[in-house]
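Here's query31.cif, which has mmCIF, C-alpha atoms:
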data_work
#
loop_
_atom_site.label_atom_id
_atom_site.label_comp_id
_atom_site.auth_asym_id
_atom_site.auth_seq_id
_atom_site.Cartn_x
_atom_site.Cartn_y
_atom_site.Cartn_z
CA MET A 1 52.51 -33.99 -6.87
CA PRO A 2 54.34 -31.66 -4.44
CA THR A 3 51.57 -29.03 -4.35
CA ARG A 4 48.32 -29.63 -2.50
CA ALA A 5 45.27 -27.48 -1.75
CA LEU A 6 44.84 -26.40 1.86
CA PHE A 7 41.77 -24.98 3.56
CA PRO A 8 39.25 -25.36 0.75
CA THR A 9 36.12 -23.22 0.70
CA HIS A 10 33.04 -25.40 0.37
CA PHE A 11 29.97 -24.31 -1.59
CA TYR A 12 26.83 -26.43 -1.87
CA ASP A 13 24.68 -26.28 -5.02
CA ALA A 14 21.73 -28.68 -5.25
CA LEU A 15 18.06 -28.69 -6.12
CA LEU A 16 15.54 -28.44 -3.29
CA GLY A 17 13.86 -31.60 -4.58
CA ASP A 18 10.21 -30.48 -4.48
CA ASP A 19 9.05 -28.50 -7.53
CA ALA A 20 5.48 -28.27 -6.23
CA LEU A 21 6.72 -26.64 -3.02
CA VAL A 22 8.82 -24.17 -5.02
CA ALA A 23 5.66 -23.07 -6.86
CA GLU A 24 3.76 -22.78 -3.57
CA LEU A 25 6.60 -20.72 -2.09
CA ALA A 26 6.41 -18.31 -5.03
CA ASP A 27 2.79 -17.62 -4.08
CA ALA A 28 3.67 -17.36 -0.38
CA CYS A 29 6.46 -14.84 -1.08
CA ARG A 30 4.23 -12.68 -3.26
CA GLU A 31 1.52 -12.76 -0.58
CA LEU A 32 3.99 -11.57 2.04
CA ALA A 33 5.27 -8.81 -0.24
CA SER A 34 1.74 -7.46 -0.60
CA GLU A 35 0.64 -7.92 3.04
CA ASP A 36 3.74 -7.09 5.11
CA ARG A 37 3.59 -3.32 5.53
CA ALA A 38 6.49 -3.24 7.98
CA GLY A 39 8.70 -5.17 5.54
CA ARG A 40 7.80 -2.89 2.65
CA ALA A 41 8.51 0.17 4.81
CA TRP A 42 11.88 -1.21 5.95
CA SER A 43 12.81 -2.07 2.35
CA LYS A 44 11.96 1.44 1.18
CA GLN A 45 13.75 3.11 4.09
CA HIS A 46 16.93 1.08 3.48
CA GLY A 47 16.99 1.41 -0.32
CA TYR A 48 16.17 -2.25 -0.97
CA ARG A 49 14.73 -2.34 -4.46
CA GLY A 50 11.78 -4.65 -3.90
CA TYR A 51 10.68 -6.36 -0.71
CA THR A 52 12.36 -8.30 2.06
CA SER A 53 10.92 -9.71 5.26
CA TYR A 54 14.44 -9.62 6.78
CA ALA A 55 13.63 -7.03 9.46
CA SER A 56 9.89 -7.53 9.85
CA LEU A 57 8.98 -11.23 10.18
CA ASP A 58 10.99 -13.78 12.16
CA ASP A 59 8.48 -16.62 12.39
CA LEU A 60 7.77 -17.69 8.82
CA PRO A 61 7.88 -21.49 9.51
CA LEU A 62 5.33 -20.97 12.32
CA ARG A 63 3.25 -18.50 10.33
CA ASP A 64 2.84 -20.53 7.12
CA PRO A 65 3.04 -24.32 6.61
CA ARG A 66 4.75 -23.81 3.24
CA PHE A 67 7.77 -22.30 5.00
CA ASP A 68 7.67 -25.08 7.60
CA ASP A 69 7.84 -27.63 4.77
CA LEU A 70 10.80 -25.69 3.35
CA ALA A 71 12.57 -25.70 6.73
CA ARG A 72 12.28 -29.50 6.97
CA LEU A 73 13.87 -29.92 3.53
CA LEU A 74 16.58 -27.36 4.32
CA ASN A 75 17.51 -29.24 7.49
CA ARG A 76 18.48 -32.24 5.34
CA HIS A 77 20.50 -30.15 2.88
CA VAL A 78 22.32 -28.33 5.70
CA ALA A 79 23.10 -31.62 7.47
CA ALA A 80 24.64 -32.97 4.24
CA PHE A 81 26.67 -29.78 3.78
CA ALA A 82 27.90 -29.90 7.39
CA ARG A 83 29.10 -33.48 6.82
CA ASP A 84 30.88 -32.45 3.60
CA CYS A 85 32.59 -29.61 5.48
CA GLY A 86 33.75 -31.98 8.21
CA PHE A 87 32.15 -29.94 11.00
CA GLU A 88 32.59 -31.48 14.43
CA LEU A 89 29.21 -30.59 15.90
CA GLY A 90 28.05 -31.65 19.32
CA LYS A 91 24.47 -31.23 18.13
CA LYS A 92 22.55 -30.49 14.94
CA LEU A 93 22.67 -27.06 13.41
CA LYS A 94 19.44 -25.15 14.00
CA LEU A 95 17.57 -22.83 11.65
CA ASP A 96 18.03 -19.39 13.20
CA SER A 97 16.41 -17.07 10.67
CA LEU A 98 14.61 -17.28 7.34
CA TRP A 99 13.45 -14.36 5.20
CA VAL A 100 11.90 -13.63 1.82
CA ASN A 101 13.50 -11.48 -0.90
CA VAL A 102 11.56 -10.14 -3.88
CA LEU A 103 14.16 -8.29 -5.91
CA LYS A 104 12.79 -5.88 -8.51
CA PRO A 105 14.54 -5.23 -11.83
CA GLY A 106 17.69 -3.20 -11.16
CA GLY A 107 17.88 -4.40 -7.56
CA THR A 108 21.09 -5.70 -6.02
CA HIS A 109 22.55 -6.49 -2.61
CA SER A 110 26.11 -5.39 -1.88
CA GLY A 111 28.88 -7.58 -0.47
CA HIS A 112 28.31 -8.90 3.05
CA ILE A 113 28.73 -11.80 5.46
CA HIS A 114 26.28 -13.30 7.98
CA PRO A 115 27.77 -12.84 11.48
CA HIS A 116 26.80 -15.13 14.38
CA SER A 117 25.86 -18.00 12.04
CA VAL A 118 27.59 -21.19 10.91
CA VAL A 119 25.86 -21.91 7.59
CA SER A 120 23.97 -19.45 5.41
CA GLY A 121 22.12 -20.03 2.20
CA THR A 122 19.44 -19.17 -0.29
CA VAL A 123 16.67 -21.09 -2.02
CA TYR A 124 15.75 -19.61 -5.40
CA VAL A 125 12.03 -19.56 -6.11
CA ALA A 126 11.70 -17.48 -9.30
CA VAL A 127 14.77 -16.82 -11.45
CA PRO A 128 13.92 -15.06 -14.72
CA PRO A 129 16.73 -14.99 -17.32
CA GLY A 130 19.23 -12.24 -16.52
CA SER A 131 18.13 -11.82 -12.91
CA GLY A 132 21.67 -12.06 -11.58
CA ALA A 133 24.09 -14.54 -10.09
CA LEU A 134 25.39 -14.89 -6.56
CA LYS A 135 28.94 -13.49 -6.51
CA LEU A 136 31.29 -15.20 -4.04
CA GLU A 137 34.59 -13.63 -3.01
CA ASP A 138 37.85 -15.49 -2.39
CA PRO A 139 38.19 -15.27 1.42
CA ARG A 140 41.94 -14.64 1.04
CA LEU A 141 41.36 -11.44 -0.93
CA PRO A 142 42.10 -9.03 1.96
CA MET A 143 45.39 -10.86 2.62
CA LEU A 144 46.73 -11.22 -0.92
CA MET A 145 48.66 -7.92 -0.72
CA ALA A 146 51.10 -7.98 -3.67
CA ALA A 147 49.87 -11.28 -5.12
CA PRO A 148 49.38 -11.41 -8.89
CA ALA A 149 45.86 -11.38 -10.27
CA ARG A 150 44.01 -14.70 -10.34
CA PRO A 151 41.14 -15.63 -12.64
CA ASP A 152 39.03 -16.99 -9.76
CA THR A 153 39.08 -14.15 -7.23
CA PHE A 154 35.32 -14.06 -7.66
CA VAL A 155 33.06 -16.97 -8.52
CA TYR A 156 29.58 -16.45 -9.94
CA ALA A 157 27.00 -19.08 -9.03
CA GLU A 158 24.05 -19.05 -11.45
CA PRO A 159 20.83 -20.21 -9.76
CA GLN A 160 17.71 -21.72 -11.26
CA ALA A 161 14.27 -22.07 -9.73
CA GLY A 162 14.60 -24.67 -6.99
CA SER A 163 18.36 -24.17 -6.44
CA VAL A 164 19.67 -24.41 -2.89
CA PHE A 165 23.00 -22.65 -2.32
CA LEU A 166 24.81 -23.12 1.01
CA TRP A 167 28.08 -21.68 2.28
CA GLU A 168 29.86 -21.02 5.54
CA SER A 169 28.52 -17.74 6.93
CA TRP A 170 31.93 -16.01 6.94
CA LEU A 171 32.14 -16.22 3.13
CA ARG A 172 31.64 -12.76 1.65
CA HIS A 173 29.05 -12.67 -1.12
CA GLU A 174 26.77 -10.31 -2.99
CA VAL A 175 23.73 -10.42 -5.22
CA MET A 176 24.42 -9.15 -8.72
CA PRO A 177 21.94 -6.65 -10.23
CA ASN A 178 18.66 -8.04 -11.48
CA ALA A 179 18.81 -7.24 -15.20
CA ALA A 180 15.59 -9.18 -15.92
CA ARG A 181 12.24 -7.53 -16.55
CA GLN A 182 10.62 -9.50 -13.74
CA ASP A 183 11.17 -9.96 -10.03
CA ARG A 184 13.64 -12.53 -8.77
CA ILE A 185 12.28 -14.30 -5.70
CA SER A 186 14.46 -16.06 -3.16
CA ILE A 187 14.38 -17.15 0.46
CA SER A 188 17.55 -16.70 2.50
CA PHE A 189 18.38 -18.25 5.86
CA ASN A 190 20.99 -18.80 8.56
CA TYR A 191 21.79 -21.80 10.74
CA ARG A 192 23.60 -21.61 14.07
#

Now, as a test, write the supplied structure out as structure tokens.
Amino acid sequence: MPTRALFPTHFYDALLGDDALVAELADACRELASEDRAGRAWSKQHGYRGYTSYASLDDLPLRDPRFDDLARLLNRHVAAFARDCGFELGKKLKLDSLWVNVLKPGGTHSGHIHPHSVVSGTVYVAVPPGSGALKLEDPRLPMLMAAPARPDTFVYAEPQAGSVFLWESWLRHEVMPNAARQDRISISFNYR
């Protein structure tokens, strides 16, 4: 065949592999949402519909053994993803940040990237039906100029409880609106 694909965009979609930990993390996330005043204040001030520990807590694996257990499992998933991507690393990627997201009904998170990171991802803890997919954007989109429309300019990854999604941090993505009647709970993270 004379045509070949160049520069593929890798996306990792697997299960965390520990359902009991996912249930424990749901409790841990709800506890943080009720106890973290600074996180609630930041979320309100920045129009985040729900709660995020993004700007308030940067030590979750040290603070709570449930998040430390999660970090150990994530290290394995990220190492597998790095191998699949063919990264030439002089050393292992290191967890740089990890934060909780409790997205209320109607909540969303607009398109963004994760600067200064190599791999970014999310573990889904509670995913009620209709709570929204992760929308991934074709990285060529700004350069397509007069190109005809394509059916896969955006890809929607549908999570379930226990899903681990990983992608290279430069890949633009957004969280679709939570159309469920319950909160969607996830834990996002970056590796450098």

*Please provide the set of residues having any atom within 12 Å of Arg40 (chain A), restricted to only C-alpha atoms, with same-chain residues fewer than 3 positions apart removed, written as a list in words.*
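Here the answer would be Arg30, Leu32, Ala33, Ser34, Glu35, Asp36, Arg37, Ser43, Lys44, Gln45, His46, Gly47, Tyr48, Arg49, Gly50, Tyr51, Thr52, Ser53, Tyr54, Ala55, Ser56, Leu57, Val100, Asn101, Val102 and Leu103 of chain A.
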
Go ahead and fit an axis-aligned box to every listed atom of region 97-114 of chain A plus 5 Å each side, and pass me the centre and edge lengths in Å, one decimal, as AutoDock Vina command-line options.
--center_x 20.2 --center_y -10.2 --center_z -0.6 --size_x 27.3 --size_y 24.1 --size_z 32.5

*For this file, the PyMOL selection byres ((chain A and resi 75) around 12) selects which residues, as JSON, numbers by chain?*
{"A": [16, 68, 69, 70, 71, 72, 73, 74, 76, 77, 78, 79, 80, 81, 82, 92, 93, 94, 95, 96, 119, 120, 121, 164, 166, 189, 190, 191, 192]}

*Can you tell me, as a list in words, what residues are no more than 9 Å from Asn178 (chain A) when counting all atoms listed in the file, ignoring any on the same chain fewer than 2 positions away?*
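Within the cut-off, the hits are Leu103, Lys104, Pro105, Gly106, Gly107, Thr108, Gly130, Ser131, Gly132, Ala133, Val175, Met176, Ala180, Arg181, Gln182, Asp183 and Arg184 of chain A.
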
Save the residues we just selected, C-alpha atoms, as a tab-separated table (two decimals), in the coordinates of the input?
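Saved file selection.tsv follows:
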chain	number	residue	atom	x	y	z
A	103	LEU	CA	14.16	-8.29	-5.91
A	104	LYS	CA	12.79	-5.88	-8.51
A	105	PRO	CA	14.54	-5.23	-11.83
A	106	GLY	CA	17.69	-3.20	-11.16
A	107	GLY	CA	17.88	-4.40	-7.56
A	108	THR	CA	21.09	-5.70	-6.02
A	130	GLY	CA	19.23	-12.24	-16.52
A	131	SER	CA	18.13	-11.82	-12.91
A	132	GLY	CA	21.67	-12.06	-11.58
A	133	ALA	CA	24.09	-14.54	-10.09
A	175	VAL	CA	23.73	-10.42	-5.22
A	176	MET	CA	24.42	-9.15	-8.72
A	180	ALA	CA	15.59	-9.18	-15.92
A	181	ARG	CA	12.24	-7.53	-16.55
A	182	GLN	CA	10.62	-9.50	-13.74
A	183	ASP	CA	11.17	-9.96	-10.03
A	184	ARG	CA	13.64	-12.53	-8.77

*Evaluate the PyMOL selection byres ((chain A and resi 140) around 12) and record the selected residues as number ranges by chain, following the chain and residue labels used in the document.*
A: 7-9, 136-139, 141-145, 147, 150, 152-154, 170-172

*Quick one: residues within 8 Å of Leu21 (chain A), all atoms listed in the file counted, chain neighbours fewer than 2 positions away excluded, as number ranges by chain?*
A: 18-19, 23-25, 66, 69-70

*Interatomic distance, CA of Val123 (chain A) to CA of Pro151 (chain A) (Å, one decimal)*: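 Here the two named atoms are 27.2 Å from each other.
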
*Separation of CA of Tyr156 (chain A) and CA of Leu134 (chain A), in Å?*
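Between CA of Tyr156 (chain A) and CA of Leu134 (chain A) the gap is 5.6 Å.
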
*With all atoms listed in the file as the atoms that count, which of A:Phe11, A:Asp64, A:Val127, A:His109 lies nearest to Pro177 (chain A)?*
A:His109

*With all atoms listed in the file as the basis for distance, which of A:Asp58, A:Glu168, A:Asp84, A:Glu158 is at the shortest distance from Val118 (chain A)?*
A:Glu168

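Here the PyMOL selection byres ((chain A and resi 115) around 8) catches exactly these residues: Ile113, His114, His116, Ser117, Ser169 and Trp170 of chain A.
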
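CA of Gly162 (chain A) lies 25.7 Å from CA of Phe87 (chain A).
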
_Given all atoms listed in the file as the basis, pick out the residue of A:His112, A:Arg63, A:His10, A:Lys135 nearest to Cys85 (chain A)._
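Checking each of A:His112, A:Arg63, A:His10, A:Lys135 against Cys85 (chain A), counting all atoms listed in the file, the winner is A:His10.
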
_Option closest in space to Trp99 (chain A), from A:Leu15, A:Ile185, A:Val125, A:Leu60 [counting only C-alpha atoms]_ =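 Smallest distance to Trp99 (chain A) is found for A:Leu60.
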
*Smallest atom-to-atom distance to Pro128 (chain A): which of A:Ala20, A:Gln160, A:Arg83, A:Glu31, using all atoms listed in the file?*
A:Gln160

_I need the residue nearest Val155 (chain A) from this list: A:Ala41, A:Tyr124, A:Pro61, A:His173. Use all atoms listed in the file for the distance._
A:His173
